[in-house]
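**Q** You'll find target-v3.cif just under this line, and it carries mmCIF, C-alpha atoms and all ligand atoms.
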```cif
data_final
#
loop_
_atom_site.label_atom_id
_atom_site.label_comp_id
_atom_site.auth_asym_id
_atom_site.auth_seq_id
_atom_site.Cartn_x
_atom_site.Cartn_y
_atom_site.Cartn_z
CA MET A 1401 -66.16 13.09 35.17
CA ASP A 1402 -65.94 15.09 31.95
CA ILE A 1403 -65.31 18.80 31.86
CA ILE A 1404 -65.22 21.31 29.02
CA VAL A 1405 -62.10 23.39 28.45
CA ARG A 1406 -62.43 27.18 28.87
CA ARG A 1407 -60.14 29.94 27.65
CA GLY A 1408 -56.88 29.77 29.63
CA ASP A 1409 -57.38 26.24 30.99
CA SER A 1410 -54.63 23.64 30.78
CA LEU A 1411 -54.27 20.04 31.90
CA TRP A 1412 -51.65 21.20 34.38
CA TYR A 1413 -54.17 23.66 35.82
CA PHE A 1414 -56.77 20.87 36.16
CA SER A 1415 -54.24 18.75 38.02
CA GLN A 1416 -53.77 21.62 40.51
CA LEU A 1417 -57.48 22.37 40.80
CA PHE A 1418 -58.40 18.75 41.55
CA HIS A 1419 -55.22 17.74 43.39
CA LEU A 1420 -54.43 14.98 40.93
CA ASP A 1421 -51.15 13.81 39.44
CA LEU A 1422 -50.88 15.36 35.99
CA GLN A 1423 -49.84 11.93 34.74
CA LEU A 1424 -53.23 10.48 35.65
CA ILE A 1425 -55.01 13.22 33.70
CA LEU A 1426 -52.72 12.70 30.71
CA ASP A 1427 -53.33 8.94 30.81
CA SER A 1428 -57.08 9.50 31.13
CA ASN A 1429 -57.05 11.50 27.89
CA ARG A 1430 -54.94 9.40 25.58
CA GLY A 1431 -54.68 10.73 22.08
CA ILE A 1432 -54.95 14.35 23.23
CA ASP A 1433 -51.93 16.58 22.80
CA PRO A 1434 -51.66 18.35 26.19
CA ASP A 1435 -50.06 21.40 24.57
CA LYS A 1436 -52.89 21.80 22.10
CA ILE A 1437 -56.13 21.63 24.01
CA SER A 1438 -58.79 23.97 22.72
CA VAL A 1439 -61.79 25.80 24.14
CA GLY A 1440 -64.86 23.56 24.13
CA GLN A 1441 -62.86 20.35 24.17
CA ARG A 1442 -64.02 17.57 26.50
CA ILE A 1443 -61.47 16.36 29.08
CA ARG A 1444 -61.81 13.41 31.45
CA ILE A 1445 -60.92 13.99 35.09
CA PRO A 1446 -60.26 10.69 36.92
CA GLY A 1447 -61.42 9.94 40.44
CA PHE A 1448 -64.39 12.33 40.36
CA VAL A 1449 -68.06 12.11 39.48
CA VAL A 1450 -70.53 14.96 39.05
CA GLN A 1451 -73.66 15.12 41.17
CA ASP A 1452 -76.69 17.38 40.99
CA TYR A 1453 -77.15 19.74 43.90
CA GLN A 1454 -80.13 21.91 44.73
CA VAL A 1455 -79.22 25.36 46.01
CA GLN A 1456 -80.47 25.96 49.58
CA GLN A 1457 -81.24 29.17 51.39
CA GLY A 1458 -78.04 30.92 52.43
CA ASP A 1459 -75.84 29.00 49.94
CA SER A 1460 -73.11 30.64 47.98
CA LEU A 1461 -70.88 28.99 45.42
CA TRP A 1462 -67.93 29.73 47.69
CA ALA A 1463 -69.56 28.01 50.67
CA ILE A 1464 -70.61 24.99 48.61
CA ALA A 1465 -67.05 24.66 47.31
CA ARG A 1466 -65.46 25.11 50.74
CA ASN A 1467 -67.74 22.47 52.31
CA ARG A 1468 -66.53 19.98 49.73
CA ASN A 1469 -62.88 20.89 49.95
CA LEU A 1470 -62.94 22.17 46.38
CA GLY A 1471 -61.64 25.34 44.81
CA VAL A 1472 -64.54 27.52 43.73
CA ASP A 1473 -63.24 27.35 40.19
CA ALA A 1474 -63.94 23.60 40.22
CA LEU A 1475 -67.62 24.53 40.60
CA LEU A 1476 -67.43 27.23 37.95
CA LEU A 1477 -65.80 24.74 35.60
CA VAL A 1478 -68.69 22.25 35.80
CA ASN A 1479 -71.33 25.02 35.81
CA GLN A 1480 -70.20 27.20 32.97
CA HIS A 1481 -73.64 28.67 32.27
CA ILE A 1482 -74.56 29.92 35.72
CA ASN A 1483 -74.03 33.37 37.15
CA PRO A 1484 -72.10 32.75 40.39
CA ASN A 1485 -73.38 35.97 41.91
CA GLN A 1486 -77.05 35.16 41.34
CA LEU A 1487 -77.69 31.68 42.74
CA GLU A 1488 -81.39 31.09 43.33
CA ILE A 1489 -82.85 28.87 45.99
CA GLY A 1490 -84.02 25.62 44.38
CA GLN A 1491 -81.72 26.04 41.39
CA MET A 1492 -79.93 22.87 40.29
CA ILE A 1493 -76.18 23.04 39.90
CA LYS A 1494 -73.48 20.41 39.34
CA VAL A 1495 -71.03 19.49 42.06
CA PRO A 1496 -67.83 17.47 41.52
CA ILE A 1497 -67.51 14.66 44.06
CA ARG A 1498 -64.14 13.09 44.79
CA ILE A 1499 -64.48 9.31 44.99
CA THR A 1500 -62.92 8.17 48.25
CA TRP A 1501 -64.68 4.83 48.61
CA ARG A 1502 -64.46 1.44 46.91
CA LEU A 1503 -66.66 0.76 43.92
CA VAL A 1504 -65.84 -2.96 44.08
CA GLN A 1505 -67.59 -4.95 46.80
CA GLY A 1506 -65.53 -8.11 46.76
CA LYS A 1507 -67.32 -9.90 49.56
CA GLN A 1508 -70.02 -11.49 47.41
CA ASN A 1509 -70.46 -14.36 44.97
CA TYR A 1510 -68.18 -12.82 42.39
CA ASP A 1511 -69.31 -14.19 39.04
CA PHE A 1512 -68.57 -13.18 35.45
CA SER A 1513 -71.25 -10.52 35.17
CA ARG A 1514 -70.21 -8.94 38.50
CA THR A 1515 -66.63 -8.84 37.20
CA MET A 1516 -67.64 -7.15 33.94
CA LYS A 1517 -69.86 -4.62 35.71
CA ASP A 1518 -67.07 -3.70 38.12
CA ILE A 1519 -64.56 -3.40 35.29
CA GLY A 1520 -66.95 -0.99 33.57
CA ARG A 1521 -67.46 1.07 36.73
CA LEU A 1522 -63.73 1.28 37.44
CA GLN A 1523 -63.02 2.24 33.86
CA SER A 1524 -65.59 5.03 33.88
CA VAL A 1525 -64.19 6.62 37.07
CA TYR A 1526 -60.53 5.81 36.36
CA PRO A 1527 -60.11 6.17 32.59
CA PHE A 1528 -56.33 5.98 32.92
CA MET A 1529 -56.90 2.23 33.38
CA GLU A 1530 -56.94 0.54 29.97
CA VAL A 1531 -59.24 -2.38 29.29
CA ASN A 1532 -58.44 -4.81 26.48
CA ALA A 1533 -60.38 -7.80 25.23
CA ILE A 1534 -57.86 -10.62 24.90
CA GLY A 1535 -60.16 -13.39 23.75
CA LYS A 1536 -63.36 -15.23 24.48
CA SER A 1537 -64.16 -18.28 26.57
CA VAL A 1538 -65.71 -21.44 25.11
CA LEU A 1539 -69.19 -20.01 25.83
CA GLY A 1540 -68.27 -16.64 24.33
CA ASN A 1541 -67.67 -14.70 27.55
CA GLU A 1542 -65.13 -11.94 27.06
CA LEU A 1543 -61.70 -12.31 28.65
CA SER A 1544 -60.51 -8.90 29.81
CA GLU A 1545 -57.09 -7.55 30.58
CA LEU A 1546 -56.77 -4.36 32.63
CA ARG A 1547 -53.61 -2.28 32.45
CA MET A 1548 -52.30 0.62 34.43
CA GLY A 1549 -48.98 2.33 34.98
CA LYS A 1550 -46.35 4.11 32.93
CA GLY A 1551 -43.29 2.13 33.90
CA SER A 1552 -41.04 -0.15 31.90
CA LYS A 1553 -41.28 -2.97 34.48
CA ARG A 1554 -44.11 -5.11 33.12
CA ILE A 1555 -45.87 -7.18 35.76
CA HIS A 1556 -48.78 -9.56 35.33
CA TYR A 1557 -51.40 -10.81 37.81
CA ASN A 1558 -54.18 -13.23 37.02
CA ALA A 1559 -56.97 -14.95 38.95
CA SER A 1560 -59.59 -17.68 38.56
CA PHE A 1561 -57.68 -20.02 36.29
CA HIS A 1562 -59.61 -22.55 38.39
CA ALA A 1563 -63.40 -22.28 38.56
CA ASN A 1564 -64.00 -22.99 42.24
CA GLU A 1565 -61.24 -20.53 43.18
CA TRP A 1566 -63.34 -17.54 42.06
CA ILE A 1567 -62.69 -15.71 45.35
CA THR A 1568 -59.27 -14.89 43.85
CA THR A 1569 -61.05 -12.62 41.33
CA ALA A 1570 -62.90 -10.81 44.12
CA VAL A 1571 -59.64 -10.30 46.04
CA LEU A 1572 -57.70 -9.12 42.99
CA MET A 1573 -60.46 -6.72 41.85
CA THR A 1574 -60.52 -5.26 45.37
CA PHE A 1575 -56.79 -4.66 45.21
CA LEU A 1576 -57.14 -2.95 41.83
CA ASN A 1577 -59.80 -0.69 43.26
CA ASP A 1578 -57.59 0.18 46.25
CA TYR A 1579 -54.64 0.90 43.96
CA LEU A 1580 -56.78 3.24 41.81
CA LEU A 1581 -58.21 4.96 44.89
CA SER A 1582 -54.78 5.45 46.33
CA LEU A 1583 -53.56 7.03 43.09
CA THR A 1584 -56.33 9.61 42.73
CA ASN A 1585 -56.43 10.46 46.45
CA GLN A 1586 -52.66 10.38 46.93
CA ASN A 1587 -53.07 8.17 49.99
CA PRO A 1588 -50.25 5.70 50.50
CA ILE A 1589 -51.08 2.01 51.08
CA ARG A 1590 -49.08 0.55 53.97
CA GLY A 1591 -46.75 3.52 53.69
CA LEU A 1592 -46.11 3.02 49.97
CA GLU A 1593 -46.64 5.88 47.55
CA MET A 1594 -48.59 4.23 44.79
CA SER A 1595 -47.86 7.06 42.35
CA ARG A 1596 -44.20 6.03 42.40
CA LEU A 1597 -45.15 2.45 41.61
CA TYR A 1598 -47.43 3.76 38.85
CA GLN A 1599 -44.43 5.54 37.30
CA GLN A 1600 -42.14 2.55 37.60
CA THR A 1601 -44.38 -0.35 36.61
CA SER A 1602 -46.95 -1.37 34.08
CA LEU A 1603 -49.41 -3.73 35.75
CA SER A 1604 -51.44 -6.11 33.61
CA VAL A 1605 -54.33 -7.94 35.25
CA VAL A 1606 -56.56 -10.71 33.91
CA PRO A 1607 -59.06 -10.95 36.75
CA MET A 1608 -61.01 -13.96 35.48
CA VAL A 1609 -59.28 -16.48 33.20
CA ASN A 1610 -62.11 -19.04 33.41
CA PRO A 1611 -65.49 -17.26 33.41
CA ASP A 1612 -67.53 -20.25 32.18
CA GLY A 1613 -66.17 -22.41 34.98
CA VAL A 1614 -66.76 -19.72 37.62
CA ASN A 1615 -70.38 -19.34 36.52
CA LEU A 1616 -70.81 -23.13 36.57
CA VAL A 1617 -69.65 -23.27 40.19
CA LEU A 1618 -71.73 -20.28 41.27
CA HIS A 1619 -74.90 -20.76 39.21
CA GLY A 1620 -74.96 -24.37 37.99
CA PRO A 1621 -74.91 -25.60 34.38
CA PRO A 1622 -75.72 -23.41 31.38
CA GLU A 1623 -79.37 -23.40 30.24
CA ASN A 1624 -78.47 -24.96 26.91
CA PRO A 1625 -79.45 -28.67 27.38
CA GLU A 1626 -76.50 -29.93 25.36
CA TRP A 1627 -73.99 -28.16 27.61
CA LYS A 1628 -75.98 -29.07 30.68
CA ASN A 1629 -75.95 -32.80 29.86
CA ARG A 1630 -72.30 -32.65 28.97
CA VAL A 1631 -71.09 -31.03 32.20
CA VAL A 1632 -73.26 -33.25 34.39
CA GLU A 1633 -71.80 -36.27 32.61
CA PHE A 1634 -68.24 -34.92 33.07
CA ASN A 1635 -69.18 -34.45 36.74
CA LYS A 1636 -70.10 -38.14 37.00
CA GLY A 1637 -73.81 -37.44 37.11
CA SER A 1638 -73.65 -34.97 39.98
CA THR A 1639 -75.21 -31.52 39.84
CA ASP A 1640 -72.94 -30.35 42.68
CA PHE A 1641 -70.23 -28.37 40.93
CA THR A 1642 -68.42 -27.03 44.00
CA GLY A 1643 -65.43 -29.27 43.22
CA TRP A 1644 -65.15 -28.04 39.62
CA LYS A 1645 -61.85 -26.42 38.59
CA ALA A 1646 -61.82 -26.94 34.82
CA ASN A 1647 -63.29 -24.89 31.99
CA ILE A 1648 -66.73 -25.74 30.63
CA ARG A 1649 -65.29 -28.52 28.43
CA GLY A 1650 -63.85 -30.28 31.46
CA ILE A 1651 -60.29 -29.26 30.69
CA ASP A 1652 -58.06 -27.91 33.45
CA LEU A 1653 -56.69 -24.63 32.07
CA ASN A 1654 -53.69 -24.77 34.35
CA ASP A 1655 -52.64 -28.12 32.84
CA GLN A 1656 -52.60 -26.85 29.26
CA PHE A 1657 -49.21 -25.15 28.96
CA PRO A 1658 -46.15 -26.43 27.09
CA ALA A 1659 -43.99 -27.15 30.14
CA ARG A 1660 -43.54 -30.92 30.39
CA TRP A 1661 -47.19 -31.31 29.49
CA GLU A 1662 -46.73 -35.03 28.71
CA LEU A 1663 -45.52 -35.70 32.26
CA GLU A 1664 -48.58 -33.98 33.68
CA ARG A 1665 -50.79 -35.92 31.29
CA ALA A 1666 -49.24 -39.23 32.28
CA ARG A 1667 -50.22 -38.81 35.92
CA ASN A 1668 -53.60 -37.15 35.38
CA PRO A 1669 -57.09 -38.23 34.22
CA LYS A 1670 -57.45 -39.09 30.54
CA VAL A 1671 -61.01 -37.85 30.12
CA PRO A 1672 -62.73 -34.50 30.67
CA GLY A 1673 -63.87 -33.88 34.22
CA PRO A 1674 -63.97 -31.44 37.11
CA ARG A 1675 -60.19 -31.17 37.48
CA ASP A 1676 -56.72 -32.12 36.32
CA TYR A 1677 -57.50 -33.21 32.77
CA GLY A 1678 -55.05 -31.38 30.50
CA GLY A 1679 -56.86 -32.00 27.21
CA GLU A 1680 -56.00 -34.06 24.15
CA LYS A 1681 -53.36 -31.57 23.14
CA LEU A 1682 -51.68 -28.63 24.81
CA LEU A 1683 -53.13 -25.14 24.44
CA SER A 1684 -56.34 -26.48 22.94
CA GLU A 1685 -58.66 -24.22 24.96
CA PRO A 1686 -59.43 -20.60 24.02
CA GLU A 1687 -58.87 -19.35 27.58
CA ALA A 1688 -55.38 -20.93 27.76
CA ILE A 1689 -54.56 -19.73 24.24
CA ALA A 1690 -55.57 -16.17 25.16
CA MET A 1691 -53.27 -16.25 28.21
CA ALA A 1692 -50.38 -17.67 26.20
CA ASP A 1693 -50.80 -15.10 23.41
CA LEU A 1694 -51.02 -12.23 25.89
CA THR A 1695 -47.93 -13.40 27.76
CA ARG A 1696 -45.89 -13.77 24.58
CA GLU A 1697 -46.96 -10.37 23.32
CA ARG A 1698 -46.31 -8.42 26.50
CA ASP A 1699 -42.96 -9.88 27.54
CA TYR A 1700 -43.56 -9.64 31.31
CA ALA A 1701 -40.73 -9.23 33.79
CA ARG A 1702 -42.65 -11.46 36.24
CA VAL A 1703 -46.04 -13.11 36.61
CA PHE A 1704 -48.27 -14.04 39.52
CA ALA A 1705 -51.13 -16.53 39.20
CA PHE A 1706 -53.57 -16.40 42.12
CA HIS A 1707 -55.22 -19.61 43.24
CA THR A 1708 -56.73 -21.06 46.43
CA GLN A 1709 -55.92 -22.64 48.82
CA GLY A 1710 -53.03 -23.46 51.21
CA GLU A 1711 -51.26 -20.17 52.08
CA GLU A 1712 -48.28 -21.20 49.98
CA ILE A 1713 -46.25 -19.62 47.20
CA TYR A 1714 -44.81 -21.89 44.50
CA TRP A 1715 -41.81 -20.30 42.91
CA GLY A 1716 -39.71 -22.97 41.16
CA PHE A 1717 -39.92 -25.09 38.05
CA GLU A 1718 -37.31 -27.71 37.18
CA ASN A 1719 -34.53 -25.40 38.43
CA MET A 1720 -35.17 -23.05 35.54
CA GLU A 1721 -36.22 -20.14 37.75
CA PRO A 1722 -33.66 -17.30 37.95
CA PRO A 1723 -31.61 -16.91 41.15
CA LYS A 1724 -33.50 -13.77 42.18
CA SER A 1725 -36.77 -15.72 42.51
CA GLU A 1726 -35.61 -17.00 45.89
CA GLY A 1727 -35.03 -13.54 47.34
CA MET A 1728 -38.35 -12.41 45.94
CA VAL A 1729 -40.30 -15.30 47.40
CA ASN A 1730 -38.74 -14.66 50.79
CA GLU A 1731 -40.07 -11.10 50.70
CA LEU A 1732 -43.47 -12.31 49.49
CA SER A 1733 -43.51 -14.73 52.39
CA ARG A 1734 -42.45 -12.07 54.88
CA VAL A 1735 -45.29 -9.72 53.91
CA SER A 1736 -48.00 -12.41 53.82
CA GLY A 1737 -46.97 -15.11 56.25
CA TYR A 1738 -47.37 -17.59 53.38
CA LYS A 1739 -44.91 -20.46 53.01
CA PRO A 1740 -42.52 -20.60 50.03
CA VAL A 1741 -42.52 -23.96 48.24
CA LYS A 1742 -39.93 -24.55 45.55
CA ILE A 1743 -40.51 -28.05 44.25
CA LEU A 1744 -43.84 -29.51 43.43
CA GLU A 1745 -44.55 -32.58 41.37
CA SER A 1746 -46.74 -30.70 38.97
CA TYR A 1747 -46.25 -29.53 35.39
CA ALA A 1748 -47.88 -27.71 32.51
CA GLY A 1749 -49.13 -24.82 34.64
CA TYR A 1750 -49.07 -21.20 33.52
CA LYS A 1751 -46.27 -20.16 35.87
CA ASP A 1752 -44.28 -23.33 34.99
CA TRP A 1753 -44.39 -22.36 31.33
CA PHE A 1754 -43.46 -18.76 32.10
CA ILE A 1755 -40.43 -19.77 34.18
CA GLN A 1756 -39.34 -22.31 31.57
CA ASP A 1757 -39.67 -20.10 28.49
CA TRP A 1758 -38.51 -16.76 29.91
CA GLN A 1759 -36.39 -17.84 32.88
CA ARG A 1760 -37.88 -14.97 34.81
CA PRO A 1761 -39.70 -15.04 38.16
CA GLY A 1762 -43.11 -16.68 38.09
CA PHE A 1763 -45.26 -17.43 41.12
CA THR A 1764 -48.39 -19.40 41.90
CA VAL A 1765 -49.91 -17.98 45.05
CA GLU A 1766 -52.36 -20.18 46.95
CA LEU A 1767 -54.56 -17.81 48.93
CA GLY A 1768 -56.44 -18.80 52.08
CA HIS A 1769 -56.86 -22.16 53.73
CA GLY A 1770 -59.58 -24.80 53.83
CA VAL A 1771 -61.68 -26.47 51.17
CA ASN A 1772 -62.47 -24.79 47.83
CA PRO A 1773 -64.55 -22.81 47.19
CA LEU A 1774 -63.36 -20.88 50.21
CA PRO A 1775 -66.14 -19.17 52.14
CA LEU A 1776 -66.58 -15.40 51.89
CA SER A 1777 -66.10 -15.25 55.66
CA GLN A 1778 -62.38 -15.60 54.87
CA PHE A 1779 -62.37 -12.68 52.49
CA ASP A 1780 -60.99 -10.01 54.84
CA GLU A 1781 -58.22 -12.20 56.20
CA ILE A 1782 -57.25 -13.32 52.70
CA TYR A 1783 -57.25 -9.74 51.48
CA GLN A 1784 -55.00 -8.51 54.28
CA LYS A 1785 -52.42 -11.22 53.54
CA ALA A 1786 -52.72 -10.97 49.77
CA LEU A 1787 -52.34 -7.18 49.89
CA GLY A 1788 -48.72 -7.58 50.99
CA ILE A 1789 -48.11 -9.82 47.97
CA PHE A 1790 -49.88 -7.51 45.51
CA LEU A 1791 -47.77 -4.59 46.74
CA ALA A 1792 -44.49 -6.50 46.85
CA GLY A 1793 -45.19 -7.76 43.35
CA LEU A 1794 -44.99 -4.12 42.27
CA TYR A 1795 -42.07 -2.84 44.33
CA LEU A 1796 -39.77 -5.86 44.27
ZN ZN B 1801 -55.91 -23.53 41.45
#
```
Let me see the file written as structure tokens.

**A**
Amino acid sequence: MDIIVRRGDSLWYFSQLFHLDLQLILDSNRGIDPDKISVGQRIRIPGFVVQDYQVQQGDSLWAIARNRNLGVDALLLVNQHINPNQLEIGQMIKVPIRITWRLVQGKQNYDFSRTMKDIGRLQSVYPFMEVNAIGKSVLGNELSELRMGKGSKRIHYNASFHANEWITTAVLMTFLNDYLLSLTNQNPIRGLEMSRLYQQTSLSVVPMVNPDGVNLVLHGPPENPEWKNRVVEFNKGSTDFTGWKANIRGIDLNDQFPARWELERARNPKVPGPRDYGGEKLLSEPEAIAMADLTRERDYARVFAFHTQGEEIYWGFENMEPPKSEGMVNELSRVSGYKPVKILESYAGYKDWFIQDWQRPGFTVELGHGVNPLPLSQFDEIYQKALGIFLAGLYL
């Protein structure tokens, strides 16, 4: 919610009044010098919204505040034009509401537009989360990166590289929401103080690398007849796209990276299709290029790519992974029950390239078990296991 600064107010005072870390208020108001706020200035308070309230018989501002666990000055702050001693029955006032519930409902067909709507809702309630456009898909859908945290340890999570693994986006967005909730309500998650992790890390999240593919799996081909004919042809005439992993051009985005790409190409299909075709050249697709550019620019300490399925964590690439990757994967396995797998005859993936070029820890996490796309009935179980990995990714 937005509030207007009065004489004598300070950001530190707002942090006390709303029981929020000062850091979150500072990060929600980037570009504002906290020592020079002025009367009349608009300040964003994260984790709250303002609701209208109609004054009832017997109400007083003090009682309304007490019932909501607020200081009475929180009410005065959002109702600067009322006389607190002369409330009238039926009068409309504003009431700050602390958000203590999830805005993201992950247990649904989580397509591109759902993702963008939820990003917008999270950003409006939690303005300390930054949202950056990092590129566009083949069909022009925006690729978003979300960032939060003040720390020097830069960590990256991504989901839905593969179209029919879209449940990974729903799971990752749910974690983000829980992280944000935990920060503004100062509730630990599994005993971990998230505000400490916020101070120590900078988390970058690309929740949907392949929006065109996800929409193809969930909604069928694009309306445009040219695209429609093309994808049906790539799909060998079938209109069942549940087996589709690639982007809309039939190129597998996780086979596009410069990490022994020719080896992957040699063993994979040579024409566009639902899966495993790495393209005519490496990094030809805008979604893969956006991920490569982002990764080069940000210089991550470690990356996690979330896929389905198999309940496994791939952590090696051609013995180029650093020694600490093994200890890390053991902890990731401990908190999730997932099985560490070091060697896999597979190349040109995002985490392969990261391990090869930076020699830092990179992980591909295969969430859930069964046949892709995994059913939403698995969502809760997947989330409980993935939560351990999301948290360990931050504290390790
Ligand atoms: Zn995958």

**Q** Can you pull out every residue within 12 Å of Glu1685 (chain A), counting all atoms listed in the file, but drop anything in the same chain fewer than 5 positions away, and send it as a PDB file with C-alpha atoms, keeping the file's coordinate frame?

**A**
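Output file selection_18.pdb is given in full below:
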```pdb
ATOM      1  CA  GLY A1535     -60.160 -13.390  23.750  1.00  0.00           C
ATOM      2  CA  LYS A1536     -63.360 -15.230  24.480  1.00  0.00           C
ATOM      3  CA  SER A1537     -64.160 -18.280  26.570  1.00  0.00           C
ATOM      4  CA  VAL A1538     -65.710 -21.440  25.110  1.00  0.00           C
ATOM      5  CA  LEU A1539     -69.190 -20.010  25.830  1.00  0.00           C
ATOM      6  CA  VAL A1609     -59.280 -16.480  33.200  1.00  0.00           C
ATOM      7  CA  ASN A1610     -62.110 -19.040  33.410  1.00  0.00           C
ATOM      8  CA  ALA A1646     -61.820 -26.940  34.820  1.00  0.00           C
ATOM      9  CA  ASN A1647     -63.290 -24.890  31.990  1.00  0.00           C
ATOM     10  CA  ILE A1648     -66.730 -25.740  30.630  1.00  0.00           C
ATOM     11  CA  ARG A1649     -65.290 -28.520  28.430  1.00  0.00           C
ATOM     12  CA  GLY A1650     -63.850 -30.280  31.460  1.00  0.00           C
ATOM     13  CA  ILE A1651     -60.290 -29.260  30.690  1.00  0.00           C
ATOM     14  CA  ASP A1652     -58.060 -27.910  33.450  1.00  0.00           C
ATOM     15  CA  LEU A1653     -56.690 -24.630  32.070  1.00  0.00           C
ATOM     16  CA  ASN A1654     -53.690 -24.770  34.350  1.00  0.00           C
ATOM     17  CA  ASP A1655     -52.640 -28.120  32.840  1.00  0.00           C
ATOM     18  CA  GLN A1656     -52.600 -26.850  29.260  1.00  0.00           C
ATOM     19  CA  PHE A1657     -49.210 -25.150  28.960  1.00  0.00           C
ATOM     20  CA  TYR A1677     -57.500 -33.210  32.770  1.00  0.00           C
ATOM     21  CA  GLY A1678     -55.050 -31.380  30.500  1.00  0.00           C
ATOM     22  CA  GLY A1679     -56.860 -32.000  27.210  1.00  0.00           C
ATOM     23  CA  GLU A1680     -56.000 -34.060  24.150  1.00  0.00           C
ATOM     24  CA  ALA A1690     -55.570 -16.170  25.160  1.00  0.00           C
ATOM     25  CA  MET A1691     -53.270 -16.250  28.210  1.00  0.00           C
ATOM     26  CA  ALA A1692     -50.380 -17.670  26.200  1.00  0.00           C
TER      27      ALA A1692
END
```

**Q** Which residues form the shell of 8 Å around ligand ZN 1801 (chain B) when you count all atoms listed in the file, given as a list of chain:residue names?

**A**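 Written in the requested form, the residues are A:Ser1560, A:Phe1561, A:His1562, A:Glu1565, A:Lys1645, A:Asn1654, A:Phe1706, A:His1707, A:Thr1708, A:Gln1709, A:Glu1766.
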
**Q** With C-alpha atoms retained, could you export that selection as a tab-separated table (two decimals), in the frame of the given file?

**A**
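Done, and the output landed in result.tsv:
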```tsv
chain	number	residue	atom	x	y	z
A	1560	SER	CA	-59.59	-17.68	38.56
A	1561	PHE	CA	-57.68	-20.02	36.29
A	1562	HIS	CA	-59.61	-22.55	38.39
A	1565	GLU	CA	-61.24	-20.53	43.18
A	1645	LYS	CA	-61.85	-26.42	38.59
A	1654	ASN	CA	-53.69	-24.77	34.35
A	1706	PHE	CA	-53.57	-16.40	42.12
A	1707	HIS	CA	-55.22	-19.61	43.24
A	1708	THR	CA	-56.73	-21.06	46.43
A	1709	GLN	CA	-55.92	-22.64	48.82
A	1766	GLU	CA	-52.36	-20.18	46.95
```

**Q** One number please: CA of Gly1762 (chain A) to CA of Arg1514 (chain A), in Å, one decimal.

**A** 28.2 Å

**Q** In Å, rounded to a single decimal, give me how far CA of Asn1587 (chain A) is from CA of Ile1567 (chain A).

**A** 26.2 Å

**Q** Between A:Leu1417, A:Ala1666, A:Leu1576, A:Val1703, which is the closest to Lys1751 (chain A) once you count all atoms listed in the file?

**A**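 Nearest candidate to Lys1751 (chain A) out of A:Leu1417, A:Ala1666, A:Leu1576, A:Val1703: A:Val1703.
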
**Q** In terms of the shortest atom-to-atom distance over all atoms listed in the file, which of A:Arg1468, A:Asp1459, A:Val1617, A:Ile1555 is closest to Leu1597 (chain A)?

**A**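 Once distances to Leu1597 (chain A) are computed over all atoms listed in the file, the minimum belongs to A:Ile1555.
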
**Q** Of the candidates A:Asn1479, A:Ser1513, A:Thr1642, A:Gln1456, which shows the shortest atom-to-atom distance to Asn1772 (chain A), using all atoms listed in the file?

**A**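 Looking only at the distances to Asn1772 (chain A), the closest residue turns out to be A:Thr1642.
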
**Q** What's the separation between CA of Asn1558 (chain A) and CA of Glu1545 (chain A), in Å to one decimal place?

**A**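 Separation between CA of Asn1558 (chain A) and CA of Glu1545 (chain A): 9.1 Å.
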
**Q** Between A:Asn1483, A:Asn1564, A:Gln1491, A:Asn1629, which residue has the minimum interatomic distance to Tyr1453 (chain A), considering all atoms listed in the file?

**A** A:Gln1491
